[in-house]
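Source file: upload-v9.tsv. Holds: TSV, C-alpha atoms and all ligand atoms.
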chain	number	residue	atom	x	y	z
J	1383	MET	CA	1.82	-43.51	-3.49
J	1384	GLU	CA	0.79	-40.07	-4.64
J	1385	GLN	CA	3.45	-38.26	-6.63
J	1386	GLN	CA	5.02	-35.26	-4.93
J	1387	THR	CA	4.34	-32.03	-6.80
J	1388	ASN	CA	6.73	-29.11	-6.92
J	1389	VAL	CA	3.97	-26.52	-7.39
J	1390	THR	CA	0.86	-25.32	-5.58
J	1391	ALA	CA	-2.13	-24.19	-7.66
J	1392	ALA	CA	-2.30	-20.65	-9.06
J	1393	GLU	CA	-4.20	-18.46	-6.67
J	1394	ASN	CA	-5.89	-15.06	-6.58
J	1395	ARG	CA	-7.15	-13.84	-3.24
J	1396	GLU	CA	-8.09	-10.41	-1.82
J	1397	THR	CA	-7.11	-8.74	1.43
J	1398	PRO	CA	-10.27	-8.46	3.59
J	1399	LEU	CA	-10.03	-4.65	3.77
J	1400	ALA	CA	-13.29	-4.30	5.71
J	1401	GLU	CA	-11.58	-5.99	8.67
J	1402	SER	CA	-8.41	-3.89	8.46
J	1403	GLN	CA	-7.44	-2.18	11.69
J	1404	SER	CA	-3.73	-1.72	11.40
J	1405	TRP	CA	-1.28	0.14	9.22
J	1406	VAL	CA	0.34	-3.21	8.40
J	1407	THR	CA	-1.57	-6.02	6.65
J	1408	PRO	CA	-0.93	-9.37	8.38
J	1409	ASN	CA	0.78	-11.87	6.06
J	1410	ARG	CA	-2.05	-14.40	6.22
J	1411	LEU	CA	-4.53	-11.75	5.02
J	1412	PHE	CA	-2.30	-10.17	2.33
J	1413	PHE	CA	-3.78	-10.46	-1.20
J	1414	VAL	CA	-2.25	-12.93	-3.65
J	1415	ARG	CA	-2.01	-12.58	-7.42
J	1416	SER	CA	-0.30	-15.47	-9.20
J	1417	HIS	CA	-0.68	-16.05	-12.93
J	1418	PHE	CA	0.70	-19.58	-12.85
J	1419	ASP	CA	1.04	-22.35	-10.28
J	1420	ALA	CA	3.37	-21.34	-7.46
J	1421	PRO	CA	6.72	-23.15	-7.69
J	1422	VAL	CA	7.96	-24.66	-4.44
J	1423	VAL	CA	11.60	-23.63	-3.97
J	1424	ALA	CA	13.55	-24.44	-0.80
J	1425	PRO	CA	16.20	-21.84	0.16
J	1426	ASP	CA	18.91	-24.56	0.02
J	1427	ASP	CA	18.06	-25.37	-3.59
J	1428	TRP	CA	17.72	-21.74	-4.63
J	1429	THR	CA	20.30	-19.86	-6.69
J	1430	LEU	CA	20.12	-16.50	-8.43
J	1431	TYR	CA	21.81	-16.26	-11.81
J	1432	VAL	CA	22.93	-12.78	-12.91
J	1433	GLY	CA	24.02	-12.36	-16.53
J	1434	GLY	CA	23.75	-10.26	-19.70
J	1435	CYS	CA	25.45	-6.87	-20.10
J	1436	ILE	CA	27.69	-7.24	-17.05
J	1437	ASP	CA	31.40	-7.68	-16.32
J	1438	ARG	CA	31.12	-10.75	-14.06
J	1439	GLU	CA	28.49	-13.50	-14.26
J	1440	LEU	CA	27.16	-14.45	-10.82
J	1441	GLU	CA	25.37	-17.44	-9.39
J	1442	LEU	CA	24.41	-16.48	-5.84
J	1443	SER	CA	23.40	-19.02	-3.20
J	1444	TRP	CA	20.96	-18.28	-0.37
J	1445	GLU	CA	23.92	-17.86	2.04
J	1446	GLN	CA	25.78	-15.55	-0.31
J	1447	LEU	CA	22.71	-13.36	-0.80
J	1448	ASN	CA	22.09	-13.13	2.94
J	1449	SER	CA	25.69	-12.16	3.69
J	1450	LEU	CA	25.07	-8.83	1.86
J	1451	PRO	CA	23.80	-5.75	3.77
J	1452	GLN	CA	20.05	-5.77	4.42
J	1453	ARG	CA	17.41	-3.09	4.35
J	1454	SER	CA	13.72	-2.82	5.29
J	1455	VAL	CA	11.10	-0.73	3.53
J	1456	PHE	CA	7.37	-0.38	4.20
J	1457	VAL	CA	5.57	-0.68	0.87
J	1458	THR	CA	1.95	-0.73	-0.31
J	1459	LEU	CA	1.59	-3.35	-3.04
J	1460	GLU	CA	-1.45	-3.11	-5.29
J	1461	CYS	CA	-2.43	-5.11	-8.36
J	1462	ALA	CA	-2.82	-2.85	-11.39
J	1463	GLY	CA	-6.25	-4.43	-12.03
J	1464	ASN	CA	-7.52	-3.79	-8.49
J	1465	GLY	CA	-11.13	-2.51	-8.57
J	1466	ARG	CA	-11.79	-3.89	-12.08
J	1467	SER	CA	-15.25	-5.17	-11.07
J	1468	PHE	CA	-16.32	-1.56	-10.40
J	1469	LEU	CA	-15.87	-0.46	-14.02
J	1470	THR	CA	-19.24	0.15	-15.70
J	1471	LYS	CA	-17.89	-1.17	-19.01
J	1472	LYS	CA	-16.65	-4.69	-18.17
J	1473	VAL	CA	-13.04	-5.47	-19.04
J	1474	GLU	CA	-11.57	-8.97	-19.14
J	1475	GLY	CA	-9.25	-10.07	-16.36
J	1476	VAL	CA	-9.65	-10.95	-12.68
J	1477	GLN	CA	-12.79	-9.14	-11.44
J	1478	TRP	CA	-11.19	-7.71	-8.32
J	1479	ARG	CA	-13.20	-5.72	-5.84
J	1480	ALA	CA	-11.19	-3.26	-3.72
J	1481	GLY	CA	-8.91	-5.73	-1.92
J	1482	ALA	CA	-6.04	-6.48	-4.32
J	1483	VAL	CA	-3.86	-4.25	-2.15
J	1484	GLY	CA	-1.90	-4.61	1.10
J	1485	HIS	CA	0.82	-2.89	3.11
J	1486	ALA	CA	3.81	-4.72	4.59
J	1487	GLU	CA	7.35	-4.27	5.79
J	1488	TRP	CA	9.64	-5.95	3.27
J	1489	SER	CA	13.24	-6.84	4.16
J	1490	GLY	CA	16.12	-8.09	2.08
J	1491	VAL	CA	19.17	-7.04	0.09
J	1492	PRO	CA	19.02	-3.92	-2.09
J	1493	LEU	CA	19.26	-5.13	-5.70
J	1494	LYS	CA	21.91	-2.50	-6.38
J	1495	TYR	CA	24.49	-4.37	-4.26
J	1496	VAL	CA	24.14	-7.43	-6.50
J	1497	LEU	CA	24.21	-5.35	-9.69
J	1498	GLU	CA	27.30	-3.53	-8.43
J	1499	GLN	CA	29.02	-6.89	-7.81
J	1500	ALA	CA	28.17	-7.98	-11.36
J	1501	GLY	CA	29.25	-4.62	-12.84
J	1502	LEU	CA	26.81	-3.23	-15.45
J	1503	THR	CA	28.36	-2.46	-18.84
J	1504	ASP	CA	27.50	0.64	-20.89
J	1505	GLU	CA	25.17	-1.35	-23.17
J	1506	ALA	CA	22.73	-2.15	-20.35
J	1507	VAL	CA	19.43	-0.21	-20.64
J	1508	GLU	CA	17.09	-2.35	-18.52
J	1509	ILE	CA	17.24	-5.14	-15.97
J	1510	LEU	CA	15.10	-8.20	-16.70
J	1511	PHE	CA	13.73	-10.46	-13.94
J	1512	ASP	CA	12.52	-14.05	-14.40
J	1513	GLY	CA	10.34	-15.89	-11.91
J	1514	ALA	CA	10.59	-19.66	-11.49
J	1515	ASP	CA	6.87	-20.03	-12.29
J	1516	THR	CA	5.90	-21.11	-15.80
J	1517	GLY	CA	2.66	-21.68	-17.68
J	1518	THR	CA	0.59	-20.80	-20.73
J	1519	GLU	CA	-1.87	-18.03	-21.65
J	1520	LYS	CA	-4.57	-18.41	-24.32
J	1521	ASP	CA	-3.25	-15.52	-26.44
J	1522	HIS	CA	0.39	-16.65	-26.37
J	1523	ASP	CA	2.19	-19.52	-28.12
J	1524	GLY	CA	3.93	-22.01	-25.87
J	1525	GLU	CA	5.05	-22.06	-22.28
J	1526	MET	CA	6.68	-19.02	-20.67
J	1527	CYS	CA	7.92	-17.89	-17.28
J	1528	PHE	CA	6.65	-14.76	-15.52
J	1529	ALA	CA	9.11	-12.02	-16.55
J	1530	ARG	CA	9.27	-8.23	-16.23
J	1531	SER	CA	11.95	-5.56	-16.65
J	1532	LEU	CA	12.81	-2.30	-14.90
J	1533	PRO	CA	14.60	0.81	-16.13
J	1534	LEU	CA	18.13	1.13	-14.68
J	1535	GLU	CA	17.27	4.07	-12.45
J	1536	LYS	CA	14.55	2.18	-10.55
J	1537	ALA	CA	16.58	-1.05	-10.46
J	1538	LEU	CA	19.54	0.79	-8.89
J	1539	HIS	CA	17.46	2.67	-6.30
J	1540	GLN	CA	18.44	1.71	-2.75
J	1541	ASP	CA	14.84	0.80	-1.86
J	1542	THR	CA	14.39	-1.75	-4.68
J	1543	LEU	CA	14.90	-5.00	-2.81
J	1544	LEU	CA	15.63	-8.68	-3.29
J	1545	ALA	CA	13.20	-9.37	-0.46
J	1546	THR	CA	13.38	-12.47	1.72
J	1547	ARG	CA	11.04	-11.41	4.55
J	1548	MET	CA	7.57	-9.93	4.84
J	1549	ASN	CA	6.60	-8.34	8.17
J	1550	GLY	CA	9.63	-10.05	9.71
J	1551	GLU	CA	8.67	-13.57	8.57
J	1552	PRO	CA	10.40	-15.54	5.81
J	1553	LEU	CA	8.34	-15.20	2.59
J	1554	ASP	CA	5.71	-17.90	2.25
J	1555	SER	CA	5.20	-19.75	-0.99
J	1556	SER	CA	2.25	-17.58	-2.21
J	1557	HIS	CA	4.31	-14.41	-1.89
J	1558	GLY	CA	7.44	-15.65	-3.67
J	1559	LYS	CA	9.47	-17.88	-1.34
J	1560	PRO	CA	12.38	-17.71	-0.94
J	1561	VAL	CA	13.23	-14.42	-2.78
J	1562	ARG	CA	11.13	-11.85	-4.64
J	1563	LEU	CA	11.72	-8.44	-6.07
J	1564	ILE	CA	10.06	-5.49	-4.30
J	1565	VAL	CA	9.71	-2.33	-6.41
J	1566	PRO	CA	8.40	0.35	-4.01
J	1567	GLY	CA	5.73	2.72	-5.37
J	1568	TRP	CA	5.10	0.62	-8.50
J	1569	TYR	CA	2.15	-1.64	-9.23
J	1570	GLY	CA	2.59	-5.19	-7.91
J	1571	VAL	CA	3.29	-6.66	-11.35
J	1572	ALA	CA	6.83	-5.21	-11.23
J	1573	SER	CA	7.64	-7.12	-8.02
J	1574	VAL	CA	8.56	-10.50	-9.55
J	1575	LYS	CA	8.05	-13.42	-7.16
J	1576	TRP	CA	10.13	-16.65	-6.96
J	1577	LEU	CA	13.02	-14.76	-8.53
J	1578	LYS	CA	15.61	-17.05	-10.17
J	1579	ARG	CA	17.34	-15.05	-12.91
J	1580	ILE	CA	18.40	-11.45	-13.57
J	1581	GLU	CA	19.71	-10.23	-16.91
J	1582	ALA	CA	21.01	-6.80	-17.86
J	1583	ILE	CA	19.65	-6.22	-21.37
J	1584	ALA	CA	20.63	-3.86	-24.21
J	1585	THR	CA	17.13	-3.30	-25.70
J	1586	PRO	CA	13.82	-2.70	-23.93
J	1587	PHE	CA	12.04	-5.93	-22.94
J	1588	ARG	CA	8.81	-6.76	-24.83
J	1589	GLY	CA	7.59	-9.88	-23.03
J	1590	TYR	CA	3.98	-10.99	-22.61
J	1591	PHE	CA	3.38	-9.35	-19.21
J	1592	GLN	CA	4.96	-6.13	-20.42
J	1593	SER	CA	3.71	-5.61	-23.97
J	1594	LYS	CA	0.52	-7.72	-24.29
J	1595	LYS	CA	-0.73	-7.37	-20.72
J	1596	TYR	CA	-0.28	-4.62	-18.12
J	1597	THR	CA	-0.23	-1.87	-20.76
J	1598	TYR	CA	-2.51	1.08	-21.45
J	1599	GLN	CA	-2.98	3.85	-24.00
J	1600	GLU	CA	-1.48	7.24	-23.28
J	1601	GLN	CA	-1.95	10.61	-24.99
J	1602	THR	CA	1.42	12.14	-25.90
J	1603	GLY	CA	2.44	15.12	-28.03
J	1604	SER	CA	2.80	12.80	-31.04
J	1605	GLY	CA	-0.51	10.93	-30.61
J	1606	ILE	CA	-1.71	7.88	-28.70
J	1607	GLN	CA	1.03	5.53	-27.50
J	1608	THR	CA	1.13	2.26	-25.62
J	1609	ALA	CA	2.66	2.61	-22.15
J	1610	VAL	CA	3.68	-0.04	-19.62
J	1611	VAL	CA	2.05	-0.05	-16.18
J	1612	GLY	CA	4.64	1.25	-13.70
J	1613	PRO	CA	4.31	3.76	-10.83
J	1614	MET	CA	1.04	3.81	-8.87
J	1615	PRO	CA	-0.96	7.06	-9.02
J	1616	VAL	CA	-2.74	8.56	-6.00
J	1617	LYS	CA	-5.82	6.71	-4.72
J	1618	SER	CA	-8.04	6.37	-1.65
J	1619	GLU	CA	-10.63	3.88	-0.46
J	1620	ILE	CA	-13.50	4.18	1.99
J	1621	ILE	CA	-13.32	1.04	4.12
J	1622	ARG	CA	-16.14	1.84	6.55
J	1623	PRO	CA	-19.06	2.34	6.24
J	1624	SER	CA	-19.61	-0.16	3.45
J	1625	ASP	CA	-21.70	0.55	0.37
J	1626	GLY	CA	-25.39	0.16	1.23
J	1627	ALA	CA	-24.88	0.57	4.99
J	1628	THR	CA	-27.52	2.04	7.31
J	1629	LEU	CA	-26.23	4.69	9.73
J	1630	GLY	CA	-27.81	6.45	12.68
J	1631	ILE	CA	-28.28	10.05	13.78
J	1632	GLY	CA	-25.22	11.46	15.58
J	1633	THR	CA	-21.49	10.94	14.95
J	1634	ASN	CA	-20.57	8.50	12.19
J	1635	ARG	CA	-16.95	7.59	11.55
J	1636	ILE	CA	-15.85	7.36	7.91
J	1637	PHE	CA	-12.59	5.42	7.72
J	1638	GLY	CA	-10.24	4.38	4.94
J	1639	MET	CA	-6.76	4.43	3.50
J	1640	ALA	CA	-4.97	6.38	0.78
J	1641	TRP	CA	-1.71	5.85	-1.08
J	1642	ALA	CA	0.25	7.75	-3.72
J	1643	GLY	CA	2.92	5.48	-5.23
J	1644	GLU	CA	6.43	6.77	-4.57
J	1645	ASP	CA	5.03	9.89	-2.89
J	1646	PRO	CA	3.59	10.16	0.63
J	1647	VAL	CA	-0.10	11.08	0.88
J	1648	GLY	CA	-0.59	14.83	1.36
J	1649	THR	CA	-4.27	15.18	2.24
J	1650	VAL	CA	-7.49	13.22	2.05
J	1651	GLU	CA	-10.85	14.88	1.52
J	1652	VAL	CA	-14.30	13.44	2.13
J	1653	SER	CA	-17.60	14.35	0.51
J	1654	VAL	CA	-20.89	13.48	2.18
J	1655	ASP	CA	-22.98	14.92	-0.67
J	1656	GLY	CA	-21.91	12.86	-3.69
J	1657	GLY	CA	-18.93	15.04	-4.61
J	1658	LEU	CA	-20.53	18.52	-4.47
J	1659	SER	CA	-18.44	19.69	-1.52
J	1660	TRP	CA	-15.30	18.33	0.16
J	1661	ARG	CA	-14.01	18.46	3.75
J	1662	GLN	CA	-10.60	17.50	5.07
J	1663	ALA	CA	-10.18	14.10	6.75
J	1664	GLU	CA	-7.75	13.45	9.60
J	1665	LEU	CA	-4.67	11.39	8.71
J	1666	ILE	CA	-3.84	8.71	11.30
J	1667	GLY	CA	-0.37	7.39	12.12
J	1668	PRO	CA	2.67	7.30	9.81
J	1669	ARG	CA	2.79	9.08	6.47
J	1670	ALA	CA	5.68	7.83	4.38
J	1671	PRO	CA	6.80	7.38	0.78
J	1672	TYR	CA	5.47	4.09	-0.71
J	1673	SER	CA	3.09	3.55	2.22
J	1674	TRP	CA	-0.62	3.89	2.57
J	1675	THR	CA	-1.94	6.26	5.21
J	1676	LEU	CA	-5.03	5.55	7.27
J	1677	TRP	CA	-7.55	8.38	7.57
J	1678	GLU	CA	-10.89	9.12	9.16
J	1679	TYR	CA	-13.60	11.72	9.21
J	1680	LEU	CA	-16.23	12.14	11.91
J	1681	TRP	CA	-19.48	12.97	10.19
J	1682	GLU	CA	-22.19	14.63	12.28
J	1683	VAL	CA	-25.55	13.56	10.96
J	1684	ALA	CA	-28.68	15.47	12.03
J	1685	GLY	CA	-31.39	14.16	9.75
J	1686	ALA	CA	-32.68	11.08	7.96
J	1687	GLY	CA	-32.09	10.41	4.28
J	1688	GLU	CA	-29.90	8.79	1.68
J	1689	THR	CA	-26.60	10.17	0.47
J	1690	VAL	CA	-23.36	9.26	-1.30
J	1691	LEU	CA	-19.99	9.32	0.45
J	1692	MET	CA	-16.78	9.79	-1.53
J	1693	SER	CA	-13.10	10.23	-0.69
J	1694	ARG	CA	-10.38	11.97	-2.67
J	1695	ALA	CA	-6.66	11.81	-1.93
J	1696	ILE	CA	-4.00	14.34	-2.92
J	1697	SER	CA	-0.33	13.32	-2.97
J	1698	GLU	CA	2.32	15.39	-1.26
J	1699	GLY	CA	3.44	16.41	-4.76
J	1700	GLY	CA	-0.07	17.75	-5.53
J	1701	ALA	CA	-1.46	14.95	-7.74
J	1702	VAL	CA	-5.24	14.62	-7.26
J	1703	GLN	CA	-7.22	11.39	-7.38
J	1704	PRO	CA	-9.60	11.49	-10.38
J	1705	THR	CA	-13.40	11.18	-10.14
J	1706	ARG	CA	-13.70	9.24	-13.43
J	1707	HIS	CA	-11.89	6.28	-15.00
J	1708	ASP	CA	-10.05	7.27	-18.18
J	1709	PRO	CA	-11.13	4.61	-20.75
J	1710	ARG	CA	-7.63	4.67	-22.28
J	1711	LEU	CA	-6.42	2.92	-19.12
J	1712	GLY	CA	-8.59	-0.11	-19.96
J	1713	GLY	CA	-8.71	-2.60	-17.10
J	1714	TYR	CA	-5.72	-1.12	-15.24
J	1715	MET	CA	-4.95	1.82	-12.92
J	1716	ILE	CA	-8.51	2.02	-11.58
J	1717	THR	CA	-8.14	4.92	-9.18
J	1718	PHE	CA	-11.32	6.97	-9.54
J	1719	SER	CA	-13.27	7.97	-6.40
J	1720	ARG	CA	-16.07	5.45	-5.98
J	1721	ARG	CA	-19.50	6.19	-4.56
J	1722	THR	CA	-20.48	4.68	-1.21
J	1723	CYS	CA	-24.28	4.91	-0.84
J	1724	VAL	CA	-25.56	5.11	2.73
J	1725	ARG	CA	-28.95	5.56	4.38
J	1726	VAL	CA	-29.53	7.37	7.67
J	1727	ASP	CA	-32.23	5.75	9.80
J	1728	PRO	CA	-33.69	8.35	12.23
J	1729	SER	CA	-34.65	5.64	14.73
J	1730	GLN	CA	-30.92	4.74	15.22
J	1731	GLN	CA	-28.26	6.66	17.15
J	1732	SER	CA	-24.51	6.62	16.23
J	1733	GLN	CA	-21.77	7.59	18.65
J	1734	ASP	CA	-18.54	6.82	16.85
J	1735	SER	CA	-15.63	8.68	18.33
J	1736	LEU	CA	-11.93	9.27	17.98
J	1737	GLY	CA	-11.43	6.58	20.63
J	1738	ASP	CA	-10.65	4.24	17.76
J	1739	VAL	CA	-7.50	6.20	17.00
J	1740	ARG	CA	-6.13	5.39	20.46
J	1741	ALA	CA	-6.82	1.68	19.92
J	1742	LEU	CA	-5.04	1.88	16.60
J	1743	HIS	CA	-1.98	3.57	18.08
J	1744	LEU	CA	-1.82	0.90	20.80
J	1745	GLU	CA	-2.05	-1.83	18.22
J	1746	MET	CA	0.67	-0.23	16.10
J	1747	ALA	CA	2.88	0.10	19.16
J	1748	ALA	CA	2.32	-3.60	19.94
J	1749	VAL	CA	3.29	-4.57	16.39
J	1750	ALA	CA	6.41	-2.40	16.60
J	1751	GLU	CA	7.41	-3.98	19.92
J	1752	GLU	CA	6.92	-7.49	18.60
J	1753	ARG	CA	8.94	-6.57	15.52
J	1754	SER	CA	11.82	-5.14	17.57
J	1755	GLY	CA	12.34	-8.58	19.13
J	1756	LEU	CA	13.14	-10.10	15.75
J	1757	PRO	CA	16.74	-10.39	14.52
J	1758	LEU	CA	16.31	-7.90	11.71
J	1759	ASP	CA	19.35	-6.06	10.53
J	1760	VAL	CA	17.48	-2.98	9.35
J	1761	GLU	CA	18.33	0.58	8.56
J	1762	MET	CA	15.31	2.77	9.17
J	1763	GLN	CA	15.39	6.37	8.10
J	1764	PHE	CA	12.65	8.90	7.74
J	1765	GLU	CA	14.05	10.78	4.80
J	1766	MET	CA	12.32	10.98	1.42
J	1767	GLY	CA	12.87	7.91	-0.69
J	1768	ALA	CA	14.39	5.90	2.10
J	1769	GLY	CA	11.42	3.90	3.30
J	1770	ILE	CA	10.20	4.99	6.66
V	1801	LIG	N1	6.77	-14.74	-10.63
V	1801	LIG	C1	5.64	-14.02	-10.52
V	1801	LIG	N2	5.71	-12.80	-9.93
V	1801	LIG	C2	4.61	-12.04	-9.81
V	1801	LIG	C3	3.36	-12.48	-10.30
V	1801	LIG	C4	3.31	-13.77	-10.89
V	1801	LIG	O1	2.25	-14.25	-11.32
V	1801	LIG	N3	4.46	-14.50	-10.98
V	1801	LIG	N4	2.26	-11.66	-10.18
V	1801	LIG	C5	2.55	-10.23	-10.08
V	1801	LIG	C6	1.39	-9.41	-9.81
V	1801	LIG	S1	0.41	-9.07	-11.14
V	1801	LIG	C7	1.17	-8.87	-8.58
V	1801	LIG	S2	-0.12	-7.80	-8.33
V	1801	LIG	C8	2.02	-9.18	-7.43
V	1801	LIG	C9	1.21	-9.75	-6.28
V	1801	LIG	O2	2.02	-10.04	-5.19
V	1801	LIG	P1	1.45	-10.91	-3.97
V	1801	LIG	O3	0.82	-12.15	-4.55
V	1801	LIG	O4	2.59	-11.19	-3.07
V	1801	LIG	O5	0.41	-10.05	-3.29
V	1801	LIG	O6	3.03	-10.13	-7.76
V	1801	LIG	C10	3.62	-9.95	-9.04
V	1801	LIG	N5	4.73	-10.84	-9.19
V	1802	MO	MO	-1.15	-7.58	-10.54
Output the file's structure as C-alpha cells, nothing else.
Ligand SMILES: Nc1nc2c(c(=O)[nH]1)N[C@H]1C(S)=C(S)[C@@H](COP(=O)(O)O)O[C@H]1N2
Ligand SMILES: [Mo]
Amino acid sequence: MEQQTNVTAAENRETPLAESQSWVTPNRLFFVRSHFDAPVVAPDDWTLYVGGCIDRELELSWEQLNSLPQRSVFVTLECAGNGRSFLTKKVEGVQWRAGAVGHAEWSGVPLKYVLEQAGLTDEAVEILFDGADTGTEKDHDGEMCFARSLPLEKALHQDTLLATRMNGEPLDSSHGKPVRLIVPGWYGVASVKWLKRIEAIATPFRGYFQSKKYTYQEQTGSGIQTAVVGPMPVKSEIIRPSDGATLGIGTNRIFGMAWAGEDPVGTVEVSVDGGLSWRQAELIGPRAPYSWTLWEYLWEVAGAGETVLMSRAISEGGAVQPTRHDPRLGGYMITFSRRTCVRVDPSQQSQDSLGDVRALHLEMAAVAEERSGLPLDVEMQFEMGAGI
C-alpha cells in the first residue's frame, strides 16, 4: 500500500487576472506562493503555541481560538516578487508575470486578542511567526521552517488576523489551512500560512526569509541600508486590453485594478500616448484601505496606428506609482507602470460601453447576497483602518 504523506508538493500559481470580473478573487483562482511542501494539518490536530516575552504561555486549540471574537477584512495580497519577469535586467526568483496578486475577504480572530491573553512583557520588540512547513534552500545550511516577524504596532493592529476563512470558506491547504496570519497592506510574505507558533522576541528577527530573502537596498541619511520588505506601495495594472492586442475604431474600454497598501486608492490615470499625457480613469465599486479598486477608461479612437497604453495610480495619501523600477529594489516591489502596446485596425469597429459596470455591480451584489447567508460573525465598518 502506498504510504500516506502529510504534505502536498510546493506550488506557485498565478491568479488569471485577464479573466477577472469581480472585486473579489474566487478562492480557486487565487494565486499561491509556497516555498516548501504544504503541510496537511487537520483543525482537530492543530494547536497554536504562544511563548517568549509574555506573562502566560498559551497552547490554543482550534475550539479555543474560535471562541474568541471574530473580524473580517477585505485585503489585497500580493507577492513581493510579482511582475519579476517584466524586469529588463533578469533577477533570480520565481519569474512571475502580473498575477501573483488577489483580493479576498479574510475572517478570523484579531491577533491582538491572543497577545493580550498572553500578556506581552516590556522586553518584547517583535512578534515572530512560524509556519508548520519546513524545507531547505540552496544558500542556507540545514532544514528550516518558514518564519517571519512583525513590529509590535502592526501585530497589535485590530485588522491583523489569525485567519481561518477566505471569502467565507474554511482555508484550503494551499492557502494555509487551518490558520494563517493576514497582515493587511503588507506584501504577502508577512502573512505566514499554516501558523503553529508565535513568540514575542526581545531582539529583531534575522531569519532567512527576512534577512537573506525579501530584502532590498534603501537610501537613508547615513548611506545605503538593507531594509525588509513590508508595506505595499501604490500600483496599478492594465488587465484589458492585453499587450499586443488589436483594437478597432470607436470606443475601447481600458480596464484594470489599482492598490495602495494600507491606503485606499485615490485616483488612477491612463495614458494612451506612451506616458506623454494622462487622463483620469473612472473608479468602479468600493474603495477601501487594503483593497484593490477596479477602474476603467473609455478611449475614443478615431484613427489607425500603434500606440502604448499606461496606467498610473495615486494613493489617497498622495503617493504616486513610479514609471521606472529602482534597481536598489532588486527583484522585489516591482510597481512601475508597464507599457501595453496596442494596434488600431481601421477595418474593425469597437463599441465598448459602460454597460460592463452594471454587470459588475450586479455580480458584486450577488456575491454579497451569497455571503450574507453564511454564518459569519463579522464586524464591518467603513472607517479608515477598519477594513471595509
Ligand atoms: N508558512 C508559509 N507562509 C507563507 C509562505 C510560505 O511559503 N510558507 N509564502 C509567503 C508568500 S511569499 C506569499 S506571497 C504568501 C502567498 O499567499 P497565498 O499562497 O495564500 O496566495 O504567503 C506567504 N506565507
Ligand atoms: Mo511572496
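Of note, CA of Leu1676 in chain J and CA of Arg1694 in chain J are spaced 13.0 Å apart.
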Hey, which residues come within 10 Å of ligand MO 1802 (chain V) if we count only C-alpha atoms and all ligand atoms? Could you give them as a PyMOL selection string?
chain J and resi 1394+1414-1417+1459-1464+1476+1482-1483+1569-1573+1591+1596+1611+1714
Considering all atoms listed in the file, return as a ChimeraX atom specification whatever protein or nucleic-acid residues lie within 12 Å of Ile1716 in chain J, sequence-local ones (same chain, fewer than 2 positions apart) excluded.
/J:1460-1470,1473,1477-1480,1482,1569,1598,1611,1614-1619,1703-1714,1718-1720
Would you export the selected residues with C-alpha atoms as a PDB file, keeping the file's coordinate frame, please?
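The result, stored in selection_20.pdb:
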ATOM      1  CA  GLU J1460      -1.450  -3.110  -5.290  1.00  0.00           C
ATOM      2  CA  CYS J1461      -2.430  -5.110  -8.360  1.00  0.00           C
ATOM      3  CA  ALA J1462      -2.820  -2.850 -11.390  1.00  0.00           C
ATOM      4  CA  GLY J1463      -6.250  -4.430 -12.030  1.00  0.00           C
ATOM      5  CA  ASN J1464      -7.520  -3.790  -8.490  1.00  0.00           C
ATOM      6  CA  GLY J1465     -11.130  -2.510  -8.570  1.00  0.00           C
ATOM      7  CA  ARG J1466     -11.790  -3.890 -12.080  1.00  0.00           C
ATOM      8  CA  SER J1467     -15.250  -5.170 -11.070  1.00  0.00           C
ATOM      9  CA  PHE J1468     -16.320  -1.560 -10.400  1.00  0.00           C
ATOM     10  CA  LEU J1469     -15.870  -0.460 -14.020  1.00  0.00           C
ATOM     11  CA  THR J1470     -19.240   0.150 -15.700  1.00  0.00           C
ATOM     12  CA  VAL J1473     -13.040  -5.470 -19.040  1.00  0.00           C
ATOM     13  CA  GLN J1477     -12.790  -9.140 -11.440  1.00  0.00           C
ATOM     14  CA  TRP J1478     -11.190  -7.710  -8.320  1.00  0.00           C
ATOM     15  CA  ARG J1479     -13.200  -5.720  -5.840  1.00  0.00           C
ATOM     16  CA  ALA J1480     -11.190  -3.260  -3.720  1.00  0.00           C
ATOM     17  CA  ALA J1482      -6.040  -6.480  -4.320  1.00  0.00           C
ATOM     18  CA  TYR J1569       2.150  -1.640  -9.230  1.00  0.00           C
ATOM     19  CA  TYR J1598      -2.510   1.080 -21.450  1.00  0.00           C
ATOM     20  CA  VAL J1611       2.050  -0.050 -16.180  1.00  0.00           C
ATOM     21  CA  MET J1614       1.040   3.810  -8.870  1.00  0.00           C
ATOM     22  CA  PRO J1615      -0.960   7.060  -9.020  1.00  0.00           C
ATOM     23  CA  VAL J1616      -2.740   8.560  -6.000  1.00  0.00           C
ATOM     24  CA  LYS J1617      -5.820   6.710  -4.720  1.00  0.00           C
ATOM     25  CA  SER J1618      -8.040   6.370  -1.650  1.00  0.00           C
ATOM     26  CA  GLU J1619     -10.630   3.880  -0.460  1.00  0.00           C
ATOM     27  CA  GLN J1703      -7.220  11.390  -7.380  1.00  0.00           C
ATOM     28  CA  PRO J1704      -9.600  11.490 -10.380  1.00  0.00           C
ATOM     29  CA  THR J1705     -13.400  11.180 -10.140  1.00  0.00           C
ATOM     30  CA  ARG J1706     -13.700   9.240 -13.430  1.00  0.00           C
ATOM     31  CA  HIS J1707     -11.890   6.280 -15.000  1.00  0.00           C
ATOM     32  CA  ASP J1708     -10.050   7.270 -18.180  1.00  0.00           C
ATOM     33  CA  PRO J1709     -11.130   4.610 -20.750  1.00  0.00           C
ATOM     34  CA  ARG J1710      -7.630   4.670 -22.280  1.00  0.00           C
ATOM     35  CA  LEU J1711      -6.420   2.920 -19.120  1.00  0.00           C
ATOM     36  CA  GLY J1712      -8.590  -0.110 -19.960  1.00  0.00           C
ATOM     37  CA  GLY J1713      -8.710  -2.600 -17.100  1.00  0.00           C
ATOM     38  CA  TYR J1714      -5.720  -1.120 -15.240  1.00  0.00           C
ATOM     39  CA  PHE J1718     -11.320   6.970  -9.540  1.00  0.00           C
ATOM     40  CA  SER J1719     -13.270   7.970  -6.400  1.00  0.00           C
ATOM     41  CA  ARG J1720     -16.070   5.450  -5.980  1.00  0.00           C
TER      42      ARG J1720
END
Using all atoms listed in the file, which of J:Tyr1679, J:Tyr1672, J:Gly1632, J:Lys1594 sits nearest Glu1519 in chain J?
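Result for the nearest residue to Glu1519 in chain J: J:Lys1594.
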For range 1521-1527 of chain J: contacts at 12 Å, all atoms listed in the file, fewer than 2 positions along chain excluded, given as a ChimeraX atom specification:
/J:1416-1421,1511-1519,1529-1530,1574-1579,1589-1591,1593-1595
